[in-house]
Structures are given as C-alpha cells and as structure tokens.
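Enquirer: Hey, dropping upload.pdb in here, PDB, C-alpha atoms:
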```pdb
MODEL        1
ATOM      1  CA  MET A  16      -2.833  10.580  -9.115
ATOM      2  CA  GLN A  17      -0.570   7.569  -8.745
ATOM      3  CA  VAL A  18      -1.650   5.300  -5.901
ATOM      4  CA  PHE A  19       0.795   2.650  -4.706
ATOM      5  CA  ILE A  20      -1.091   0.018  -2.721
ATOM      6  CA  MET A  21       1.147  -2.204  -0.588
ATOM      7  CA  ARG A  22       0.298  -5.146   1.611
ATOM      8  CA  HIS A  23       2.258  -5.316   4.871
ATOM      9  CA  GLY A  24       5.252  -7.632   5.123
ATOM     10  CA  ASP A  25       5.165 -11.195   6.429
ATOM     11  CA  ALA A  26       3.989 -11.191  10.052
ATOM     12  CA  ALA A  27       4.220 -13.554  13.003
ATOM     13  CA  LEU A  28       1.224 -15.836  13.442
ATOM     14  CA  GLU A  29       1.247 -15.695  17.228
ATOM     15  CA  ALA A  30       0.345 -12.507  19.106
ATOM     16  CA  ALA A  31      -2.027 -11.316  21.825
ATOM     17  CA  SER A  32      -4.359 -10.019  19.090
ATOM     18  CA  ASP A  33      -4.383  -9.587  15.323
ATOM     19  CA  SER A  34      -3.655  -5.865  15.648
ATOM     20  CA  VAL A  35      -0.301  -6.441  17.401
ATOM     21  CA  ARG A  36       1.210  -9.138  15.167
ATOM     22  CA  PRO A  37       4.801  -7.994  14.430
ATOM     23  CA  LEU A  38       6.720  -8.367  11.184
ATOM     24  CA  THR A  39       9.070 -11.319  10.858
ATOM     25  CA  LEU A  40      12.675 -10.856   9.699
ATOM     26  CA  CYS A  41      11.547 -12.123   6.288
ATOM     27  CA  GLY A  42       8.772  -9.495   6.306
ATOM     28  CA  CYS A  43      11.314  -6.753   6.978
ATOM     29  CA  ASP A  44      13.673  -8.019   4.267
ATOM     30  CA  GLU A  45      10.926  -8.358   1.641
ATOM     31  CA  SER A  46       9.479  -4.922   2.453
ATOM     32  CA  ARG A  47      12.947  -3.369   2.230
ATOM     33  CA  ALA A  48      13.566  -5.074  -1.146
ATOM     34  CA  MET A  49      10.229  -3.847  -2.501
ATOM     35  CA  ALA A  50      10.928  -0.290  -1.296
ATOM     36  CA  SER A  51      14.342  -0.368  -2.950
ATOM     37  CA  TRP A  52      12.779  -1.554  -6.219
ATOM     38  CA  LEU A  53      10.028   1.091  -6.005
ATOM     39  CA  ASN A  54      12.658   3.754  -5.344
ATOM     40  CA  GLY A  55      13.921   3.301  -8.908
ATOM     41  CA  LYS A  56      10.414   3.337 -10.406
ATOM     42  CA  THR A  57       8.590   6.287  -8.945
ATOM     43  CA  PRO A  58       8.684  10.028  -8.655
ATOM     44  CA  GLU A  59       8.407  11.475  -5.176
ATOM     45  CA  ILE A  60       5.529  10.177  -3.052
ATOM     46  CA  ASP A  61       3.469  13.054  -1.627
ATOM     47  CA  ARG A  62       1.345  11.290   0.989
ATOM     48  CA  VAL A  63       1.412   8.105   3.073
ATOM     49  CA  LEU A  64      -1.673   6.307   4.398
ATOM     50  CA  VAL A  65      -1.246   3.389   6.799
ATOM     51  CA  SER A  66      -3.306   0.989   8.878
ATOM     52  CA  PRO A  67      -3.028   1.402  12.666
ATOM     53  CA  TYR A  68      -2.041  -2.289  13.014
ATOM     54  CA  LEU A  69       1.524  -2.959  14.189
ATOM     55  CA  ARG A  70       2.653  -4.969  11.144
ATOM     56  CA  ALA A  71       1.547  -2.190   8.757
ATOM     57  CA  GLU A  72       3.300   0.487  10.822
ATOM     58  CA  GLN A  73       6.466  -1.672  10.966
ATOM     59  CA  THR A  74       6.262  -2.160   7.190
ATOM     60  CA  LEU A  75       6.139   1.621   6.772
ATOM     61  CA  ALA A  76       9.135   2.075   9.084
ATOM     62  CA  THR A  77      11.086  -0.482   7.021
ATOM     63  CA  VAL A  78      10.057   1.149   3.727
ATOM     64  CA  ARG A  79      11.195   4.535   5.062
ATOM     65  CA  GLU A  80      14.753   3.136   5.428
ATOM     66  CA  THR A  81      15.035   2.902   1.626
ATOM     67  CA  LEU A  82      12.355   5.055   0.009
ATOM     68  CA  LYS A  83      12.177   8.836   0.381
ATOM     69  CA  LEU A  84       8.768   9.596   1.900
ATOM     70  CA  PRO A  85       7.197  12.713   3.379
ATOM     71  CA  GLU A  86       7.331  13.098   7.148
ATOM     72  CA  GLY A  87       4.254  11.872   8.960
ATOM     73  CA  GLN A  88       1.458   9.670   7.738
ATOM     74  CA  ASP A  89      -2.314   9.436   7.812
ATOM     75  CA  VAL A  90      -3.261   6.532  10.100
ATOM     76  CA  LEU A  91      -6.725   5.424   9.004
ATOM     77  CA  PRO A  92      -8.922   2.878  10.830
ATOM     78  CA  GLU A  93     -10.508   2.214   7.396
ATOM     79  CA  LEU A  94      -7.225   0.544   6.375
ATOM     80  CA  THR A  95      -7.559  -2.415   8.791
ATOM     81  CA  PRO A  96      -8.287  -5.860   7.285
ATOM     82  CA  GLY A  97     -12.074  -5.410   7.508
ATOM     83  CA  GLY A  98     -11.965  -1.716   6.568
ATOM     84  CA  ASP A  99     -14.127   0.054   4.024
ATOM     85  CA  PRO A 100     -12.488   0.359   0.569
ATOM     86  CA  GLY A 101     -15.145   2.876  -0.488
ATOM     87  CA  MET A 102     -14.159   5.220   2.336
ATOM     88  CA  VAL A 103     -10.465   4.862   1.452
ATOM     89  CA  ALA A 104     -11.249   5.590  -2.215
ATOM     90  CA  CYS A 105     -13.165   8.741  -1.188
ATOM     91  CA  TYR A 106     -10.215   9.830   0.954
ATOM     92  CA  LEU A 107      -7.822   9.303  -1.982
ATOM     93  CA  GLN A 108     -10.162  11.200  -4.290
ATOM     94  CA  ALA A 109     -10.226  14.148  -1.849
ATOM     95  CA  LEU A 110      -6.408  14.108  -1.684
ATOM     96  CA  ALA A 111      -6.184  14.079  -5.493
ATOM     97  CA  GLN A 112      -8.583  17.027  -5.721
ATOM     98  CA  LYS A 113      -6.300  18.907  -3.285
ATOM     99  CA  GLY A 114      -3.386  18.381  -5.688
ATOM    100  CA  VAL A 115      -1.708  15.314  -4.190
ATOM    101  CA  LYS A 116       0.061  13.626  -7.132
ATOM    102  CA  SER A 117       1.028  10.313  -5.507
ATOM    103  CA  ALA A 118       0.226   8.301  -2.400
ATOM    104  CA  LEU A 119       1.509   5.131  -0.766
ATOM    105  CA  VAL A 120      -1.149   3.064   1.024
ATOM    106  CA  ILE A 121      -0.005   0.266   3.375
ATOM    107  CA  SER A 122      -2.754  -2.117   4.463
ATOM    108  CA  HIS A 123      -3.885  -5.767   4.672
ATOM    109  CA  LEU A 124      -5.774  -8.520   2.896
ATOM    110  CA  PRO A 125      -8.547  -8.449   1.893
ATOM    111  CA  LEU A 126      -8.709  -4.643   1.858
ATOM    112  CA  VAL A 127      -5.779  -4.117  -0.559
ATOM    113  CA  GLY A 128      -7.468  -6.215  -3.237
ATOM    114  CA  TYR A 129     -10.867  -4.607  -2.673
ATOM    115  CA  LEU A 130      -9.271  -1.149  -2.862
ATOM    116  CA  VAL A 131      -7.782  -1.914  -6.292
ATOM    117  CA  SER A 132     -11.241  -3.039  -7.413
ATOM    118  CA  GLU A 133     -12.881   0.044  -5.876
ATOM    119  CA  LEU A 134     -10.484   2.370  -7.722
ATOM    120  CA  CYS A 135     -10.589   0.289 -10.943
ATOM    121  CA  PRO A 136     -14.166  -0.996 -11.330
ATOM    122  CA  GLN A 137     -13.135  -3.110 -14.354
ATOM    123  CA  GLU A 138     -10.707  -5.128 -12.173
ATOM    124  CA  ALA A 139     -11.578  -8.112  -9.998
ATOM    125  CA  PRO A 140      -9.857  -7.823  -6.608
ATOM    126  CA  PRO A 141      -6.313  -9.146  -7.167
ATOM    127  CA  MET A 142      -4.519 -11.307  -4.618
ATOM    128  CA  PHE A 143      -1.555  -9.723  -2.865
ATOM    129  CA  ALA A 144       1.463 -11.607  -1.529
ATOM    130  CA  THR A 145       2.981 -10.056   1.590
ATOM    131  CA  SER A 146       4.947  -6.884   0.698
ATOM    132  CA  ALA A 147       3.434  -6.841  -2.820
ATOM    133  CA  ILE A 148       2.722  -3.459  -4.404
ATOM    134  CA  ALA A 149       0.164  -2.480  -7.029
ATOM    135  CA  CYS A 150       0.193   0.814  -8.934
ATOM    136  CA  VAL A 151      -3.090   2.454  -9.915
ATOM    137  CA  ASN A 152      -3.315   5.598 -12.035
ATOM    138  CA  PHE A 153      -6.407   7.233 -10.542
ATOM    139  CA  ASP A 154      -8.358   9.958 -12.342
ATOM    140  CA  ALA A 155     -10.125  11.850  -9.543
ATOM    141  CA  GLU A 156     -12.413  13.708 -11.981
ATOM    142  CA  ALA A 157     -13.706  10.500 -13.582
ATOM    143  CA  CYS A 158     -13.437   8.719 -10.210
ATOM    144  CA  GLU A 159     -11.869   5.751 -11.971
ATOM    145  CA  GLY A 160      -8.428   4.251 -12.144
ATOM    146  CA  LYS A 161      -6.355   1.865 -14.203
ATOM    147  CA  LEU A 162      -4.226  -0.887 -12.688
ATOM    148  CA  GLU A 163      -0.785  -0.313 -14.219
ATOM    149  CA  TRP A 164       1.186  -3.110 -12.569
ATOM    150  CA  GLN A 165       1.492  -5.355  -9.549
ATOM    151  CA  VAL A 166       4.790  -6.762  -8.250
ATOM    152  CA  SER A 167       5.495  -9.190  -5.414
ATOM    153  CA  PRO A 168       8.808 -10.062  -3.734
ATOM    154  CA  SER A 169       8.880 -13.437  -5.540
ATOM    155  CA  LYS A 170       8.422 -11.750  -8.960
ATOM    156  CA  LEU A 171      11.182  -9.325  -8.020
ATOM    157  CA  ALA A 172      13.514 -12.182  -7.043
ATOM    158  CA  LYS A 173      12.888 -13.942 -10.387
ATOM    159  CA  ALA A 174      13.627 -10.741 -12.313
ATOM    160  CA  MET A 175      17.029 -10.295 -10.659
TER     161      MET A 175
ENDMDL
END
```
What's the structure tokens form of this structure?
Expert:
Amino acid sequence: MQVFIMRHGDAALEAASDSVRPLTLCGCDESRAMASWLNGKTPEIDRVLVSPYLRAEQTLATVRETLKLPEGQDVLPELTPGGDPGMVACYLQALAQKGVKSALVISHLPLVGYLVSELCPQEAPPMFATSAIACVNFDAEACEGKLEWQVSPSKLAKAM
C-alpha cells in the first residue's frame, strides 16, 4: 500500500482554539501546488484520512481542487496533533488488508513525523514543513514500510 502523509498547509496563529485555526492564503497556495505536483506522480488514491481540525479539512478541500480523490473521507480523532500514531498505523494496516492500494493522510506535527516512524521503524521521525508530503510503501503483511521520498513546497519551488 502506498501511504501519502501530508502535513496541513500554513495556518493562522490566532484563533479561538487550536482546532479552529484556518489556513492562510499561503497555506492554500502551497497545498494546491503540492497537490498539483502529486497529481503527476501517483496512481489513483483509494482512501482519504483527515484530522477533524479546521486547517486539515481546509487543506483537504484545497487538495481536492487539483488532485482526483474518492468522495468522502475518514475523519479520525487519532490524526490530531497529539494523536496516536500506533492507532493510525493499525487503521492503515486494516485498510491495506481490505485491498486499499493507496491512501492520503492529512494531519499535523508532531503526528505526521511519528506516523512515518511508526510505519518505518528504521526511520527517525522526519520534520515536515507545512504542506509537505512523504510517501511510504507499506507492506501490511510484514507490518513495515519504507520511506520512499519526502517533498516540501520549498523543495518543489527549487526544482521548478
């Protein structure tokens, strides 16, 4: 199973609570650019998992403008910043065993880094810039993955 792990786009610092911080215009632009880049890299994505926080849901809405995704998404409380990467890994493993070939996960720091490490025990948790995406090839039978690549908006801008 291919798992694309994406951190939400740049978000406003001020809000009534952390869960309702909206994306900035820069966050929308960077997320759109990353989705456009991913569109040329990936086969169809079968499943979408997203944090219930506003900035993650807005990132998904922005990504949907450019990247063909299935209708609907799994909104998981485990994908919030302090969520449980082990639970998310178990959920992904169950999806893989049901035949899901690829999934997009949109979440937050520090969870995105811990999830890469959970899926790829040989990897230290990588840092993620806002809107960055990592690709893990996950073998559900062995319950282990390999980090294939990680790209951030700044790396994308330098490559163009």
Enquirer: Out of A:Leu162, A:Leu171, A:Leu119, A:Val18, which residue has the shortest atom-to-atom distance to A:Ser132 when counting all atoms listed in the file?
Expert: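 The shortest atom-to-atom distance to A:Ser132 comes from A:Leu162.
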Enquirer: Would you kindly return, as a ChimeraX atom specification, each protein, DNA or RNA residue with an atom no farther than 8 Å from any atom of stretch 21-32 of chain A, considering all atoms listed in the file and excluding same-chain residues fewer than 4 positions away?
Expert: /A:36-39,41-43,45-46,70-71,74,119-124,127,143-149
Enquirer: Applied to this file, what does the PyMOL selection byres ((chain A and resi 105-108) around 9) return in terms of residues, put as a list in words?
Expert: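 Here the PyMOL selection byres ((chain A and resi 105-108) around 9) matches Met16, Val18, Pro100, Gly101, Met102, Val103, Ala104, Ala109, Leu110, Ala111, Gln112, Lys113, Val115, Ala118, Phe153, Asp154, Ala155, Glu156 and Cys158 of chain A.
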Enquirer: Pick from A:Glu138, A:Asp99, A:Leu84, A:Lys161: nearest to A:Glu59, with all atoms listed in the file counted?
Expert: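 With all atoms listed in the file as the atom set, the closest residue is A:Leu84.
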Enquirer: As lines of an AutoDock Vina configuration file, please report the centre and edge lengths, rounded to one decimal in Å, of the axis-aligned box that holds all listed atoms of stretch 34-42 of chain A with 8 Å of padding on each of the six sides.
Expert:
```
center_x = 4.5
center_y = -9.0
center_z = 11.8
size_x = 32.3
size_y = 22.3
size_z = 27.1
```
Enquirer: Quick one: everything within 7 Å of A:Pro92, counting only C-alpha atoms, minus sequence neighbours fewer than 3 positions away in the same chain. Send it as a list in words.
Expert: Ser66, Pro67, Thr95 and Gly98 of chain A
Enquirer: Atom CA of A:Ser34 and atom CA of A:Cys150, how far apart in Å?
Expert: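 Result for atom CA of A:Cys150 versus atom CA of A:Ser34: 25.8 Å, one decimal.
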Enquirer: How many Å lie between atom CA of A:Asp61 and atom CA of A:Gly128, rounded to one decimal?
Expert: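 Between atom CA of A:Asp61 and atom CA of A:Gly128 the gap is 22.2 Å.
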Enquirer: Suppose a student applies the PyMOL selection byres ((chain A and resi 53) around 10) to this structure; what residues should they get, written as a PyMOL selection string?
Expert: chain A and resi 19+47-52+54-58+78+81-82+148+166
Enquirer: Which distance in Å separates atom CA of A:Leu94 and atom CA of A:Ala172, to one decimal?
Expert: 27.8 Å
Enquirer: Check what the PyMOL selection byres ((chain A and resi 86) around 9) selects in the file above and give those residues as a list in words.
Expert: Arg62, Val63, Leu84, Pro85, Gly87 and Gln88 of chain A
Enquirer: Of the candidates A:Gln137, A:Gln73, A:Ser169, A:Asn152, which shows the shortest atom-to-atom distance to A:Ile20, using all atoms listed in the file?
Expert: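 Of A:Gln137, A:Gln73, A:Ser169, A:Asn152, the one nearest A:Ile20, counting all atoms listed in the file, is A:Asn152.
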Enquirer: Take the structure in the block and write a file for stretch 37-63 of chain A, N, CA and C atoms, as a PDB file, in the first residue's frame.
Expert:
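Below you can see out.pdb, which holds the result:
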```
ATOM      1  N   PRO A  37      -7.582  28.596  10.873  1.00  0.00           N
ATOM      2  CA  PRO A  37      -7.789  28.426   9.433  1.00  0.00           C
ATOM      3  C   PRO A  37      -6.468  28.494   8.649  1.00  0.00           C
ATOM      4  N   LEU A  38      -6.513  27.977   7.433  1.00  0.00           N
ATOM      5  CA  LEU A  38      -5.364  28.121   6.537  1.00  0.00           C
ATOM      6  C   LEU A  38      -5.181  29.586   6.155  1.00  0.00           C
ATOM      7  N   THR A  39      -3.948  29.962   5.904  1.00  0.00           N
ATOM      8  CA  THR A  39      -3.654  31.278   5.335  1.00  0.00           C
ATOM      9  C   THR A  39      -3.727  31.151   3.809  1.00  0.00           C
ATOM     10  N   LEU A  40      -3.660  32.279   3.100  1.00  0.00           N
ATOM     11  CA  LEU A  40      -3.618  32.221   1.638  1.00  0.00           C
ATOM     12  C   LEU A  40      -2.384  31.445   1.178  1.00  0.00           C
ATOM     13  N   CYS A  41      -1.261  31.670   1.852  1.00  0.00           N
ATOM     14  CA  CYS A  41      -0.033  30.937   1.535  1.00  0.00           C
ATOM     15  C   CYS A  41      -0.251  29.442   1.731  1.00  0.00           C
ATOM     16  N   GLY A  42      -0.941  29.066   2.805  1.00  0.00           N
ATOM     17  CA  GLY A  42      -1.238  27.650   3.069  1.00  0.00           C
ATOM     18  C   GLY A  42      -2.064  27.025   1.967  1.00  0.00           C
ATOM     19  N   CYS A  43      -3.035  27.774   1.465  1.00  0.00           N
ATOM     20  CA  CYS A  43      -3.855  27.287   0.339  1.00  0.00           C
ATOM     21  C   CYS A  43      -3.009  27.122  -0.913  1.00  0.00           C
ATOM     22  N   ASP A  44      -2.192  28.135  -1.214  1.00  0.00           N
ATOM     23  CA  ASP A  44      -1.358  28.103  -2.422  1.00  0.00           C
ATOM     24  C   ASP A  44      -0.358  26.944  -2.384  1.00  0.00           C
ATOM     25  N   GLU A  45       0.316  26.782  -1.227  1.00  0.00           N
ATOM     26  CA  GLU A  45       1.304  25.705  -1.108  1.00  0.00           C
ATOM     27  C   GLU A  45       0.643  24.332  -1.194  1.00  0.00           C
ATOM     28  N   SER A  46      -0.512  24.174  -0.575  1.00  0.00           N
ATOM     29  CA  SER A  46      -1.223  22.888  -0.616  1.00  0.00           C
ATOM     30  C   SER A  46      -1.670  22.577  -2.039  1.00  0.00           C
ATOM     31  N   ARG A  47      -2.139  23.592  -2.750  1.00  0.00           N
ATOM     32  CA  ARG A  47      -2.560  23.422  -4.140  1.00  0.00           C
ATOM     33  C   ARG A  47      -1.363  23.018  -5.014  1.00  0.00           C
ATOM     34  N   ALA A  48      -0.220  23.671  -4.802  1.00  0.00           N
ATOM     35  CA  ALA A  48       0.995  23.355  -5.570  1.00  0.00           C
ATOM     36  C   ALA A  48       1.451  21.916  -5.299  1.00  0.00           C
ATOM     37  N   MET A  49       1.391  21.503  -4.046  1.00  0.00           N
ATOM     38  CA  MET A  49       1.801  20.137  -3.706  1.00  0.00           C
ATOM     39  C   MET A  49       0.840  19.116  -4.320  1.00  0.00           C
ATOM     40  N   ALA A  50      -0.448  19.420  -4.308  1.00  0.00           N
ATOM     41  CA  ALA A  50      -1.440  18.509  -4.903  1.00  0.00           C
ATOM     42  C   ALA A  50      -1.221  18.392  -6.403  1.00  0.00           C
ATOM     43  N   SER A  51      -0.914  19.506  -7.040  1.00  0.00           N
ATOM     44  CA  SER A  51      -0.658  19.507  -8.479  1.00  0.00           C
ATOM     45  C   SER A  51       0.573  18.653  -8.792  1.00  0.00           C
ATOM     46  N   TRP A  52       1.620  18.806  -8.001  1.00  0.00           N
ATOM     47  CA  TRP A  52       2.837  18.012  -8.178  1.00  0.00           C
ATOM     48  C   TRP A  52       2.533  16.527  -7.964  1.00  0.00           C
ATOM     49  N   LEU A  53       1.792  16.210  -6.904  1.00  0.00           N
ATOM     50  CA  LEU A  53       1.465  14.818  -6.587  1.00  0.00           C
ATOM     51  C   LEU A  53       0.602  14.204  -7.682  1.00  0.00           C
ATOM     52  N   ASN A  54      -0.228  15.008  -8.295  1.00  0.00           N
ATOM     53  CA  ASN A  54      -1.107  14.551  -9.372  1.00  0.00           C
ATOM     54  C   ASN A  54      -0.321  13.893 -10.500  1.00  0.00           C
ATOM     55  N   GLY A  55       0.876  14.397 -10.779  1.00  0.00           N
ATOM     56  CA  GLY A  55       1.715  13.821 -11.822  1.00  0.00           C
ATOM     57  C   GLY A  55       2.554  12.645 -11.368  1.00  0.00           C
ATOM     58  N   LYS A  56       2.525  12.336 -10.086  1.00  0.00           N
ATOM     59  CA  LYS A  56       3.396  11.305  -9.501  1.00  0.00           C
ATOM     60  C   LYS A  56       2.686  10.015  -9.127  1.00  0.00           C
ATOM     61  N   THR A  57       1.392  10.071  -8.930  1.00  0.00           N
ATOM     62  CA  THR A  57       0.732   8.956  -8.259  1.00  0.00           C
ATOM     63  C   THR A  57      -0.404   8.345  -9.069  1.00  0.00           C
ATOM     64  N   PRO A  58      -0.603   7.052  -8.866  1.00  0.00           N
ATOM     65  CA  PRO A  58      -1.826   6.452  -9.392  1.00  0.00           C
ATOM     66  C   PRO A  58      -3.009   6.969  -8.556  1.00  0.00           C
ATOM     67  N   GLU A  59      -4.162   6.477  -8.842  1.00  0.00           N
ATOM     68  CA  GLU A  59      -5.353   6.926  -8.126  1.00  0.00           C
ATOM     69  C   GLU A  59      -5.245   6.651  -6.621  1.00  0.00           C
ATOM     70  N   ILE A  60      -5.687   7.591  -5.825  1.00  0.00           N
ATOM     71  CA  ILE A  60      -5.728   7.412  -4.371  1.00  0.00           C
ATOM     72  C   ILE A  60      -7.093   6.825  -4.014  1.00  0.00           C
ATOM     73  N   ASP A  61      -7.065   5.717  -3.253  1.00  0.00           N
ATOM     74  CA  ASP A  61      -8.283   4.978  -2.921  1.00  0.00           C
ATOM     75  C   ASP A  61      -9.011   5.514  -1.696  1.00  0.00           C
ATOM     76  N   ARG A  62      -8.253   6.053  -0.726  1.00  0.00           N
ATOM     77  CA  ARG A  62      -8.865   6.415   0.553  1.00  0.00           C
ATOM     78  C   ARG A  62      -8.216   7.672   1.094  1.00  0.00           C
ATOM     79  N   VAL A  63      -9.003   8.497   1.782  1.00  0.00           N
ATOM     80  CA  VAL A  63      -8.504   9.731   2.388  1.00  0.00           C
ATOM     81  C   VAL A  63      -8.814   9.701   3.881  1.00  0.00           C
TER      82      VAL A  63
END
```
